[in-house]
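Some notes on the structure that comes next.
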Amino acid sequence: MVPPERRRRSTQRDIARQAGVSQATVSLVISGGAASAQIAESTRRAVLAAAEELGYAANVAARSLKGGRNRLLGLYTFESVFPTDQRDFYYPFLLGVEAETARQGYDLLLFCSDGGESGPSAAERSIYVGGSNRLKIADGCVLLGRNVRREELSALVREDFPFVFVGRREVDDGELSYVAADYVSATAALVAELALLGHRRILYLRALEDSEPTRDREEGYRRGLAEAGLALDEALIRSLADPADLTVEHLEGWIGGLGITALLVEPTEDNRLTEALATMAGTERVRFPQDCSLALLGDPPSWTPELRNWTRFSLPRAEMAGEAVRLLIELLDQESCEPRRLTVPCAFVPGDSIGPVRAGGRPGA
């Protein structure tokens, strides 16, 4: 049997030829940007009909421009999130988005490339390749990632494009919808737990960058101290330019010089900080919790095996992702694009790195 001839995929040039218009006109109609409103309705219909007849790959977008829904949700990542194994940090987010999208009866479309010929790096990824919003092929989109482009979030807000960010993100010139972990309450709860164990001098080792999650953790630290009746000492809020620079000498200086008995640490995404802490614990010069109690403000990067069960709180990543999908569909169902915000509680993980303060102000086992 002779196999059928493989049909060449239709292009916008083919559509332009069949509809008798320029390729630029076809691009405007298919992209659905604000400039497309200037195109005559008869021309728009001719372009959409030609795209439908030729089986153009983006014909779902053409149907959407007629007023219907594709029942396609997008997932856009500002950096690579494909897991190396099932214990990758992003893996629960991806599971949560996929499971809830399927439960809602939608299909999922992953946006991850900048459209360049060489593989895009995190710094190169862009939603607006060539000036147009690539996400519009979907009804709406869930956005994910640490290294966001704020100007692109602002542009999406100005377009009234339906999207929900996983994590709290703010922009200067608008408000956006997000689902975030409740870092404030979780951090305050850890401070309360340490205060119940007798700790009065608690150092907060924060990230150097001033991101929303870091600001939320610091707010929780300050709130926790106030609720426990502990005085705030600004000298107990520290950051390191390079987390790998943390040494035993730092800890010994904080314990001896500042009189701390407990340490709250914001984990870094590359695990260097928790690795440094684990190395210190192995030296026996500073023991957790015998010499200093230690709690992490979040999960250590899970792709690196941990030798220590740190006391911490854990992010509800799959739940956050599922809530983001549900919130996105609510935005699609309502006429208004008013931003919606949701925070999800974190889970306390007891661990074995905190303990009560011994008589004389020193920690105890």
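Convention: chains lettered A, B, ... in structure tokens order; per-chain residue numbering from 1; ligands numbered from 1 as shown.
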
Could you pull out the residues in segment 93-245 of chain A that DSSP calls strand (DSSP E) from the backbone, as a ChimeraX atom specification? /A:107-111,140-144,163-166,177-181,202-206,237-239

For Asp173 of chain A, find every residue with an atom within 8 Å (counting only C-alpha atoms), except residues of its own chain fewer than 2 positions away, and show them as a list in words.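 Residues meeting the cut-off are Ser154, Val171 and Glu175 of chain A.
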
Prev. selection, N, CA and C atoms, output as a PDB file, in the first residue's frame:
ATOM      1  N   SER A 154       2.605  43.685  33.781  1.00  0.00           N
ATOM      2  CA  SER A 154       1.868  44.943  33.633  1.00  0.00           C
ATOM      3  C   SER A 154       1.130  44.995  32.299  1.00  0.00           C
ATOM      4  N   VAL A 171       2.789  44.606  40.771  1.00  0.00           N
ATOM      5  CA  VAL A 171       3.350  45.504  39.764  1.00  0.00           C
ATOM      6  C   VAL A 171       2.958  46.930  40.139  1.00  0.00           C
ATOM      7  N   GLU A 175      -3.074  45.847  39.293  1.00  0.00           N
ATOM      8  CA  GLU A 175      -3.228  44.741  40.223  1.00  0.00           C
ATOM      9  C   GLU A 175      -3.488  43.473  39.442  1.00  0.00           C
TER      10      GLU A 175
END

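Within 6 Å of segment 256-268 of chain A, once only C-alpha atoms are used and residues closer than 3 positions along the same chain are dropped, the contacting residues are Arg201, Ile202, Leu203, Tyr204, Leu205, Arg206, Glu252, Gly253, Asn271, Cys292, Ser293, Leu294, Ala295, Leu296, Leu297, Pro300 and Pro363 of chain A.
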
From the options A:Ala347, A:Val21, A:Leu327, A:Val191, which residue's atoms come nearest to Phe165 of chain A, counting only C-alpha atoms?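 Among the listed residues, the smallest separation from Phe165 of chain A belongs to A:Leu327.
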
Which value, in Å to one decimal, gives the distance between atom CA of Val142 of chain A and atom CA of Ala321 of chain A? 8.4 Å

Can you pull out the residues contacting Val164 of chain A? Cut-off 10 Å, using only C-alpha atoms, and skip same-chain residues under 6 positions away; I want them as a ChimeraX atom specification. /A:75,140-144,176-179,321,323-329,331,339-341

Can you list every residue in segment 13-248 of chain A that DSSP puts in helix (DSSP H, G or I), as a VMD selection string? chain A and resid 13 to 19 23 to 31 34 to 38 41 to 54 59 to 65 91 to 103 129 to 131 134 to 137 150 to 159 183 to 196 212 to 227 234 to 236 243 to 245 248

Spatial neighbours of Ala186 of chain A, max dist 7 Å, only C-alpha atoms, sep filter under 3 positions, as a PyMOL selection string: chain A and resi 182-183+189-190+313+346

For the selection you just gave me, I'd like the residues written to a file as a PDB file, in the first residue's frame, keeping N, CA, C and O atoms.
ATOM      1  N   ASP A 182       0.693  31.401  52.421  1.00  0.00           N
ATOM      2  CA  ASP A 182       0.565  32.364  53.521  1.00  0.00           C
ATOM      3  C   ASP A 182       1.845  32.355  54.350  1.00  0.00           C
ATOM      4  O   ASP A 182       1.897  31.809  55.452  1.00  0.00           O
ATOM      5  N   TYR A 183       2.884  32.988  53.793  1.00  0.00           N
ATOM      6  CA  TYR A 183       4.160  33.061  54.489  1.00  0.00           C
ATOM      7  C   TYR A 183       4.061  33.855  55.786  1.00  0.00           C
ATOM      8  O   TYR A 183       4.782  33.579  56.749  1.00  0.00           O
ATOM      9  N   ALA A 189       3.788  31.853  63.155  1.00  0.00           N
ATOM     10  CA  ALA A 189       3.539  30.646  63.944  1.00  0.00           C
ATOM     11  C   ALA A 189       4.837  29.999  64.403  1.00  0.00           C
ATOM     12  O   ALA A 189       4.927  29.475  65.525  1.00  0.00           O
ATOM     13  N   LEU A 190       5.882  30.030  63.563  1.00  0.00           N
ATOM     14  CA  LEU A 190       7.178  29.486  63.976  1.00  0.00           C
ATOM     15  C   LEU A 190       7.801  30.329  65.082  1.00  0.00           C
ATOM     16  O   LEU A 190       8.414  29.798  66.014  1.00  0.00           O
ATOM     17  N   PHE A 313       8.144  25.002  57.870  1.00  0.00           N
ATOM     18  CA  PHE A 313       6.807  24.873  57.313  1.00  0.00           C
ATOM     19  C   PHE A 313       6.932  24.513  55.843  1.00  0.00           C
ATOM     20  O   PHE A 313       7.940  24.814  55.189  1.00  0.00           O
ATOM     21  N   CYS A 346       0.178  27.265  55.020  1.00  0.00           N
ATOM     22  CA  CYS A 346       1.297  26.327  54.954  1.00  0.00           C
ATOM     23  C   CYS A 346       1.156  25.296  56.071  1.00  0.00           C
ATOM     24  O   CYS A 346       0.428  25.504  57.043  1.00  0.00           O
TER      25      CYS A 346
END

For atom CA of Ala181 of chain A and atom CA of Thr343 of chain A, quote the distance in Å rounded to one decimal. 5.5 Å

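Distances to Asp299 of chain A were evaluated for A:Glu53, A:Asp88, A:Glu219, A:Glu100 using only C-alpha atoms, and the minimum falls at A:Asp88.
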
If I take atom CA of Glu234 of chain A and atom CA of Ile255 of chain A, how far is one from the other in Å, to one decimal?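 Distance between the two atoms: 15.8 Å.
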
9 Å contact set for Ala24 of chain A, only C-alpha atoms, chain neighbours under 5 positions out, as a ChimeraX atom specification: /A:12,16,29
